[in-house]
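Student: structure-v4.pdb is reproduced below (PDB, C-alpha atoms, pLDDT in the B column).
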MODEL        1
ATOM      1  CA  MET A1360      53.863  21.825  24.933  1.00 70.00           C
ATOM      2  CA  ARG A1361      50.122  22.184  24.842  1.00 84.00           C
ATOM      3  CA  ILE A1362      48.339  22.782  21.563  1.00 85.00           C
ATOM      4  CA  SER A1363      45.481  25.226  21.814  1.00 89.00           C
ATOM      5  CA  ASN A1364      42.543  25.813  19.493  1.00 90.00           C
ATOM      6  CA  GLU A1365      44.182  28.977  18.166  1.00 90.00           C
ATOM      7  CA  ASN A1366      47.272  26.990  17.113  1.00 91.00           C
ATOM      8  CA  ILE A1367      45.095  24.480  15.224  1.00 91.00           C
ATOM      9  CA  ILE A1368      43.167  27.271  13.481  1.00 92.00           C
ATOM     10  CA  GLU A1369      46.363  29.076  12.450  1.00 92.00           C
ATOM     11  CA  SER A1370      47.902  25.863  11.087  1.00 93.00           C
ATOM     12  CA  ALA A1371      44.772  25.105   9.022  1.00 94.00           C
ATOM     13  CA  ARG A1372      44.775  28.676   7.660  1.00 95.00           C
ATOM     14  CA  ARG A1373      48.436  28.411   6.550  1.00 95.00           C
ATOM     15  CA  GLN A1374      47.845  25.087   4.838  1.00 94.00           C
ATOM     16  CA  ARG A1375      44.784  26.407   2.990  1.00 93.00           C
ATOM     17  CA  GLN A1376      46.718  29.444   1.743  1.00 93.00           C
ATOM     18  CA  SER A1377      49.569  27.277   0.461  1.00 93.00           C
ATOM     19  CA  VAL A1378      47.143  25.025  -1.440  1.00 92.00           C
ATOM     20  CA  ASN A1379      45.375  28.060  -2.939  1.00 89.00           C
ATOM     21  CA  ARG A1380      48.687  29.529  -4.121  1.00 89.00           C
ATOM     22  CA  ARG A1381      49.620  26.317  -5.958  1.00 90.00           C
ATOM     23  CA  MET A1382      46.233  26.118  -7.770  1.00 87.00           C
ATOM     24  CA  SER A1383      45.905  27.744 -11.187  1.00 84.00           C
ATOM     25  CA  VAL A1384      42.354  28.402 -12.331  1.00 77.00           C
ATOM     26  CA  GLU A1385      41.306  30.416 -15.358  1.00 73.00           C
ATOM     27  CA  PRO A1386      38.934  33.257 -14.585  1.00 68.00           C
ATOM     28  CA  TRP A1387      35.268  32.650 -15.351  1.00 66.00           C
ATOM     29  CA  HIS A1388      34.803  35.863 -17.326  1.00 62.00           C
ATOM     30  CA  SER A1389      37.174  35.875 -20.228  1.00 58.00           C
ATOM     31  CA  PRO A1390      38.059  39.393 -21.442  1.00 63.00           C
ATOM     32  CA  ASN A1391      38.402  38.477 -25.140  1.00 72.00           C
ATOM     33  CA  LEU A1392      35.779  39.455 -27.698  1.00 71.00           C
ATOM     34  CA  ARG A1393      35.262  35.955 -29.088  1.00 74.00           C
ATOM     35  CA  SER A1394      33.883  34.531 -25.810  1.00 76.00           C
ATOM     36  CA  ARG A1395      31.518  37.487 -25.354  1.00 79.00           C
ATOM     37  CA  TYR A1396      30.219  37.015 -28.888  1.00 84.00           C
ATOM     38  CA  ALA A1397      29.663  33.273 -28.286  1.00 85.00           C
ATOM     39  CA  THR A1398      27.802  33.995 -25.052  1.00 86.00           C
ATOM     40  CA  ALA A1399      25.520  36.541 -26.741  1.00 89.00           C
ATOM     41  CA  MET A1400      24.799  34.154 -29.628  1.00 92.00           C
ATOM     42  CA  GLY A1401      23.916  31.363 -27.203  1.00 92.00           C
ATOM     43  CA  ILE A1402      21.454  33.552 -25.324  1.00 94.00           C
ATOM     44  CA  ALA A1403      19.888  34.795 -28.581  1.00 95.00           C
ATOM     45  CA  ALA A1404      19.567  31.237 -29.945  1.00 95.00           C
ATOM     46  CA  SER A1405      17.866  30.105 -26.721  1.00 95.00           C
ATOM     47  CA  LEU A1406      15.287  32.877 -26.864  1.00 95.00           C
ATOM     48  CA  ILE A1407      14.554  32.386 -30.580  1.00 95.00           C
ATOM     49  CA  SER A1408      14.127  28.613 -30.164  1.00 94.00           C
ATOM     50  CA  PHE A1409      11.845  29.145 -27.159  1.00 94.00           C
ATOM     51  CA  PHE A1410       9.501  31.486 -29.051  1.00 93.00           C
ATOM     52  CA  ALA A1411       9.542  29.295 -32.183  1.00 92.00           C
ATOM     53  CA  GLY A1412       8.688  26.185 -30.167  1.00 90.00           C
ATOM     54  CA  TYR A1413       5.928  27.978 -28.290  1.00 88.00           C
ATOM     55  CA  ALA A1414       4.343  29.268 -31.523  1.00 87.00           C
ATOM     56  CA  PHE A1415       4.610  25.816 -33.140  1.00 85.00           C
ATOM     57  CA  HIS A1416       2.978  24.192 -30.094  1.00 82.00           C
ATOM     58  CA  ILE A1417       0.034  26.617 -30.199  1.00 77.00           C
ATOM     59  CA  SER A1418      -0.574  26.068 -33.927  1.00 74.00           C
ATOM     60  CA  VAL A1419      -0.377  22.270 -33.609  1.00 70.00           C
ATOM     61  CA  SER A1420      -2.618  22.102 -30.551  1.00 63.00           C
ATOM     62  CA  HIS A1421      -5.424  24.207 -32.137  1.00 60.00           C
ATOM     63  CA  SER A1422      -5.447  22.224 -35.376  1.00 57.00           C
ATOM     64  CA  SER A1423      -5.388  18.858 -33.600  1.00 55.00           C
ATOM     65  CA  VAL A1424      -8.280  19.842 -31.329  1.00 53.00           C
ATOM     66  CA  GLN A1425     -10.430  20.739 -34.313  1.00 54.00           C
ATOM     67  CA  HIS A1426      -9.670  17.445 -36.086  1.00 56.00           C
ATOM     68  CA  VAL A1427     -10.364  15.416 -32.975  1.00 53.00           C
ATOM     69  CA  ALA A1428     -13.657  17.238 -32.428  1.00 55.00           C
ATOM     70  CA  GLN A1429     -14.782  16.329 -35.947  1.00 61.00           C
ATOM     71  CA  ARG A1430     -13.834  12.654 -35.565  1.00 64.00           C
ATOM     72  CA  ILE A1431     -15.730  11.967 -32.331  1.00 65.00           C
ATOM     73  CA  GLN A1432     -18.611   9.524 -32.694  1.00 68.00           C
ATOM     74  CA  ILE A1433     -20.970   8.768 -29.858  1.00 69.00           C
ATOM     75  CA  GLN A1434     -21.799   5.098 -29.524  1.00 72.00           C
ATOM     76  CA  HIS A1435     -24.297   3.781 -27.041  1.00 72.00           C
ATOM     77  CA  ASP A1436     -23.329   0.511 -25.501  1.00 73.00           C
ATOM     78  CA  THR A1437     -25.298  -2.047 -23.562  1.00 73.00           C
ATOM     79  CA  ILE A1438     -23.752  -3.655 -20.515  1.00 70.00           C
ATOM     80  CA  MET A1439     -24.754  -7.273 -20.026  1.00 69.00           C
ATOM     81  CA  GLN A1440     -23.981  -9.399 -17.023  1.00 63.00           C
ATOM     82  CA  VAL A1441     -22.392 -12.613 -18.217  1.00 70.00           C
ATOM     83  CA  GLN A1442     -21.582 -14.360 -14.960  1.00 73.00           C
ATOM     84  CA  THR A1443     -23.910 -14.672 -12.008  1.00 66.00           C
ATOM     85  CA  ILE A1444     -22.177 -14.610  -8.673  1.00 68.00           C
ATOM     86  CA  HIS A1445     -23.926 -16.456  -5.873  1.00 69.00           C
ATOM     87  CA  ASP A1446     -23.220 -15.381  -2.393  1.00 70.00           C
ATOM     88  CA  THR A1447     -24.408 -16.924   0.830  1.00 71.00           C
ATOM     89  CA  ILE A1448     -26.065 -14.828   3.496  1.00 71.00           C
ATOM     90  CA  TYR A1449     -26.454 -16.378   6.905  1.00 69.00           C
ATOM     91  CA  GLN A1450     -29.065 -15.105   9.252  1.00 70.00           C
ATOM     92  CA  THR A1451     -28.895 -16.426  12.775  1.00 75.00           C
ATOM     93  CA  ARG A1452     -31.850 -16.488  15.044  1.00 76.00           C
ATOM     94  CA  ILE A1453     -32.733 -18.217  18.262  1.00 79.00           C
ATOM     95  CA  VAL A1454     -35.652 -20.600  18.086  1.00 77.00           C
ATOM     96  CA  THR A1455     -37.173 -21.821  21.325  1.00 80.00           C
ATOM     97  CA  LYS A1456     -39.320 -24.923  21.250  1.00 79.00           C
ATOM     98  CA  TYR A1457     -41.168 -26.069  24.265  1.00 79.00           C
ATOM     99  CA  ARG A1458     -41.845 -29.766  24.671  1.00 77.00           C
ATOM    100  CA  GLN A1459     -44.158 -31.290  27.092  1.00 78.00           C
ATOM    101  CA  ALA A1460     -42.415 -32.872  29.989  1.00 73.00           C
ATOM    102  CA  MET A1461     -42.315 -36.608  29.835  1.00 72.00           C
ATOM    103  CA  LEU A1462     -44.119 -38.133  32.730  1.00 73.00           C
ATOM    104  CA  ALA A1463     -43.509 -41.593  33.943  1.00 68.00           C
ATOM    105  CA  GLU A1464     -46.483 -43.798  33.398  1.00 69.00           C
ATOM    106  CA  SER A1465     -47.514 -46.229  35.965  1.00 64.00           C
ATOM    107  CA  ASN A1466     -47.061 -49.757  34.834  1.00 63.00           C
ATOM    108  CA  ASN A1467     -49.075 -52.313  36.718  1.00 63.00           C
ATOM    109  CA  SER A1468     -46.942 -55.228  35.527  1.00 63.00           C
ATOM    110  CA  THR A1469     -44.110 -54.455  37.957  1.00 58.00           C
ATOM    111  CA  PRO A1470     -44.722 -55.088  41.558  1.00 56.00           C
ATOM    112  CA  THR A1471     -44.825 -52.022  43.710  1.00 58.00           C
ATOM    113  CA  LYS A1472     -42.928 -53.638  46.478  1.00 66.00           C
ATOM    114  CA  GLN A1473     -39.401 -54.749  45.776  1.00 66.00           C
ATOM    115  CA  SER A1474     -37.437 -56.767  48.137  1.00 70.00           C
ATOM    116  CA  ALA A1475     -33.878 -55.815  48.855  1.00 75.00           C
ATOM    117  CA  CYS A1476     -31.153 -58.294  48.062  1.00 77.00           C
ATOM    118  CA  SER A1477     -27.372 -58.302  48.090  1.00 76.00           C
ATOM    119  CA  MET A1478     -24.941 -58.150  45.186  1.00 74.00           C
ATOM    120  CA  LEU A1479     -24.661 -61.857  45.167  1.00 76.00           C
ATOM    121  CA  CYS A1480     -28.312 -62.506  44.452  1.00 78.00           C
ATOM    122  CA  ASP A1481     -29.366 -59.694  42.036  1.00 77.00           C
ATOM    123  CA  ASP A1482     -27.950 -61.354  38.856  1.00 77.00           C
ATOM    124  CA  ILE A1483     -26.063 -58.212  37.650  1.00 76.00           C
ATOM    125  CA  PRO A1484     -22.620 -58.989  36.087  1.00 77.00           C
ATOM    126  CA  TYR A1485     -20.508 -56.500  38.061  1.00 77.00           C
ATOM    127  CA  GLU A1486     -17.263 -57.805  36.565  1.00 78.00           C
ATOM    128  CA  LEU A1487     -18.248 -56.189  33.231  1.00 77.00           C
ATOM    129  CA  LEU A1488     -18.636 -52.810  34.953  1.00 73.00           C
ATOM    130  CA  ALA A1489     -15.206 -53.178  36.509  1.00 71.00           C
ATOM    131  CA  ILE A1490     -13.583 -54.007  33.145  1.00 67.00           C
ATOM    132  CA  GLY A1491     -15.259 -50.985  31.464  1.00 60.00           C
ATOM    133  CA  ARG A1492     -17.297 -52.725  28.806  1.00 52.00           C
TER     134      ARG A1492
ENDMDL
END
So, in terms of structure tokens, how does the structure I just supplied come out?
Tutor:
Amino acid sequence: MRISNENIIESARRQRQSVNRRMSVEPWHSPNLRSRYATAMGIAASLISFFAGYAFHISVSHSSVQHVAQRIQIQHDTIMQVQTIHDTIYQTRIVTKYRQAMLAESNNSTPTKQSACSMLCDDIPYELLAIGR
């Protein structure tokens, strides 16, 4: 047997009706005179307290403004700086300096002609170059 959507809807409707029949709830509007009188008194008390509070607020606010206005004193104050804060400002600029080119001077003490010689006769310690000192 296949269950269709209509079967599910009908089953939910029957279950809801059975739950509603078992529930007992008092009606919101009670027909007796006592509850109507209590409701009317509550509404009247709310309105009277609202107007009384509003009138009290207006009378208090006007009197307090007048007293505050009479108590205001203007004082001039001097602001002094107690701590000096030093900050560093860097300005970068490019400075170009021109130097005269160094020229080799002729030295007459060295002979102009050098004779070529081999590694064995030039007295240079090549073993120190190989060690890295």
Student: For a test of reading the model, state the distance in Å between CA of Ile1367 in chain A and CA of Asn1379 in chain A, rounded to one decimal.
Tutor: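 Those two atoms sit 18.5 Å apart.
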Student: Which value, in Å to one decimal, gives the distance between CA of Ser1370 in chain A and CA of Val1384 in chain A?
Tutor: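 Interatomic distance here is 24.2 Å.
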Student: Report, in Å with one decimal, the straight-line distance from CA of Ser1474 in chain A to CA of Leu1462 in chain A.
Tutor: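 Between CA of Ser1474 in chain A and CA of Leu1462 in chain A the gap works out to 25.1 Å.
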Student: Generate the coordinates of all heavy atoms for range 1473-1484 of chain A; report them as a PDB file, in the frame of the given file.
Tutor:
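Listed below is the output, part_24.pdb:
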ATOM      1  N   GLN A1473     -40.568 -53.996  46.174  1.00 66.00           N
ATOM      2  CA  GLN A1473     -39.401 -54.749  45.776  1.00 66.00           C
ATOM      3  C   GLN A1473     -38.666 -55.150  47.042  1.00 66.00           C
ATOM      4  O   GLN A1473     -38.575 -54.394  47.980  1.00 66.00           O
ATOM      5  CB  GLN A1473     -38.486 -53.924  44.885  1.00 66.00           C
ATOM      6  CG  GLN A1473     -39.074 -53.617  43.526  1.00 66.00           C
ATOM      7  CD  GLN A1473     -38.093 -52.840  42.667  1.00 66.00           C
ATOM      8  OE1 GLN A1473     -37.057 -52.438  43.138  1.00 66.00           O
ATOM      9  NE2 GLN A1473     -38.451 -52.652  41.417  1.00 66.00           N
ATOM     10  N   SER A1474     -38.168 -56.308  46.963  1.00 70.00           N
ATOM     11  CA  SER A1474     -37.437 -56.767  48.137  1.00 70.00           C
ATOM     12  C   SER A1474     -35.958 -56.486  47.931  1.00 70.00           C
ATOM     13  O   SER A1474     -35.447 -56.570  46.823  1.00 70.00           O
ATOM     14  CB  SER A1474     -37.656 -58.263  48.355  1.00 70.00           C
ATOM     15  OG  SER A1474     -37.185 -58.961  47.225  1.00 70.00           O
ATOM     16  N   ALA A1475     -35.289 -56.123  48.918  1.00 75.00           N
ATOM     17  CA  ALA A1475     -33.878 -55.815  48.855  1.00 75.00           C
ATOM     18  C   ALA A1475     -33.064 -57.097  48.865  1.00 75.00           C
ATOM     19  O   ALA A1475     -33.412 -58.050  49.557  1.00 75.00           O
ATOM     20  CB  ALA A1475     -33.488 -54.945  50.028  1.00 75.00           C
ATOM     21  N   CYS A1476     -32.015 -57.117  48.072  1.00 77.00           N
ATOM     22  CA  CYS A1476     -31.153 -58.294  48.062  1.00 77.00           C
ATOM     23  C   CYS A1476     -29.716 -57.830  47.937  1.00 77.00           C
ATOM     24  O   CYS A1476     -29.435 -56.704  47.561  1.00 77.00           O
ATOM     25  CB  CYS A1476     -31.530 -59.263  46.943  1.00 77.00           C
ATOM     26  SG  CYS A1476     -31.222 -58.628  45.301  1.00 77.00           S
ATOM     27  N   SER A1477     -28.789 -58.663  48.126  1.00 76.00           N
ATOM     28  CA  SER A1477     -27.372 -58.302  48.090  1.00 76.00           C
ATOM     29  C   SER A1477     -26.836 -58.422  46.667  1.00 76.00           C
ATOM     30  O   SER A1477     -27.534 -58.839  45.744  1.00 76.00           O
ATOM     31  CB  SER A1477     -26.582 -59.214  49.042  1.00 76.00           C
ATOM     32  OG  SER A1477     -26.573 -60.521  48.512  1.00 76.00           O
ATOM     33  N   MET A1478     -25.564 -58.072  46.496  1.00 74.00           N
ATOM     34  CA  MET A1478     -24.941 -58.150  45.186  1.00 74.00           C
ATOM     35  C   MET A1478     -24.844 -59.585  44.702  1.00 74.00           C
ATOM     36  O   MET A1478     -24.797 -59.822  43.492  1.00 74.00           O
ATOM     37  CB  MET A1478     -23.522 -57.565  45.234  1.00 74.00           C
ATOM     38  CG  MET A1478     -23.478 -56.053  45.193  1.00 74.00           C
ATOM     39  SD  MET A1478     -21.821 -55.377  45.349  1.00 74.00           S
ATOM     40  CE  MET A1478     -20.862 -56.292  44.221  1.00 74.00           C
ATOM     41  N   LEU A1479     -24.825 -60.465  45.559  1.00 76.00           N
ATOM     42  CA  LEU A1479     -24.661 -61.857  45.167  1.00 76.00           C
ATOM     43  C   LEU A1479     -25.934 -62.448  44.580  1.00 76.00           C
ATOM     44  O   LEU A1479     -25.874 -63.358  43.774  1.00 76.00           O
ATOM     45  CB  LEU A1479     -24.216 -62.685  46.375  1.00 76.00           C
ATOM     46  CG  LEU A1479     -22.879 -62.244  46.989  1.00 76.00           C
ATOM     47  CD1 LEU A1479     -22.629 -63.047  48.260  1.00 76.00           C
ATOM     48  CD2 LEU A1479     -21.757 -62.454  45.999  1.00 76.00           C
ATOM     49  N   CYS A1480     -27.070 -61.909  44.912  1.00 78.00           N
ATOM     50  CA  CYS A1480     -28.312 -62.506  44.452  1.00 78.00           C
ATOM     51  C   CYS A1480     -29.076 -61.679  43.429  1.00 78.00           C
ATOM     52  O   CYS A1480     -30.161 -62.070  43.003  1.00 78.00           O
ATOM     53  CB  CYS A1480     -29.220 -62.807  45.649  1.00 78.00           C
ATOM     54  SG  CYS A1480     -29.852 -61.312  46.438  1.00 78.00           S
ATOM     55  N   ASP A1481     -28.572 -60.538  42.950  1.00 77.00           N
ATOM     56  CA  ASP A1481     -29.366 -59.694  42.036  1.00 77.00           C
ATOM     57  C   ASP A1481     -29.108 -59.988  40.556  1.00 77.00           C
ATOM     58  O   ASP A1481     -29.689 -59.336  39.702  1.00 77.00           O
ATOM     59  CB  ASP A1481     -29.145 -58.214  42.331  1.00 77.00           C
ATOM     60  CG  ASP A1481     -27.727 -57.775  42.116  1.00 77.00           C
ATOM     61  OD1 ASP A1481     -26.873 -58.601  41.775  1.00 77.00           O
ATOM     62  OD2 ASP A1481     -27.449 -56.555  42.276  1.00 77.00           O
ATOM     63  N   ASP A1482     -28.239 -60.898  40.212  1.00 77.00           N
ATOM     64  CA  ASP A1482     -27.950 -61.354  38.856  1.00 77.00           C
ATOM     65  C   ASP A1482     -27.419 -60.223  37.936  1.00 77.00           C
ATOM     66  O   ASP A1482     -27.683 -60.198  36.747  1.00 77.00           O
ATOM     67  CB  ASP A1482     -29.193 -61.975  38.194  1.00 77.00           C
ATOM     68  CG  ASP A1482     -29.637 -63.227  38.900  1.00 77.00           C
ATOM     69  OD1 ASP A1482     -28.742 -63.896  39.472  1.00 77.00           O
ATOM     70  OD2 ASP A1482     -30.821 -63.514  38.886  1.00 77.00           O
ATOM     71  N   ILE A1483     -26.697 -59.263  38.449  1.00 76.00           N
ATOM     72  CA  ILE A1483     -26.063 -58.212  37.650  1.00 76.00           C
ATOM     73  C   ILE A1483     -24.583 -58.575  37.508  1.00 76.00           C
ATOM     74  O   ILE A1483     -23.917 -58.810  38.515  1.00 76.00           O
ATOM     75  CB  ILE A1483     -26.219 -56.826  38.313  1.00 76.00           C
ATOM     76  CG1 ILE A1483     -27.689 -56.445  38.388  1.00 76.00           C
ATOM     77  CG2 ILE A1483     -25.425 -55.772  37.553  1.00 76.00           C
ATOM     78  CD1 ILE A1483     -27.955 -55.151  39.107  1.00 76.00           C
ATOM     79  N   PRO A1484     -24.045 -58.633  36.267  1.00 77.00           N
ATOM     80  CA  PRO A1484     -22.620 -58.989  36.087  1.00 77.00           C
ATOM     81  C   PRO A1484     -21.721 -57.772  36.400  1.00 77.00           C
ATOM     82  O   PRO A1484     -21.377 -56.977  35.524  1.00 77.00           O
ATOM     83  CB  PRO A1484     -22.526 -59.400  34.621  1.00 77.00           C
ATOM     84  CG  PRO A1484     -23.647 -58.721  33.950  1.00 77.00           C
ATOM     85  CD  PRO A1484     -24.716 -58.547  34.977  1.00 77.00           C
TER      86      PRO A1484
END
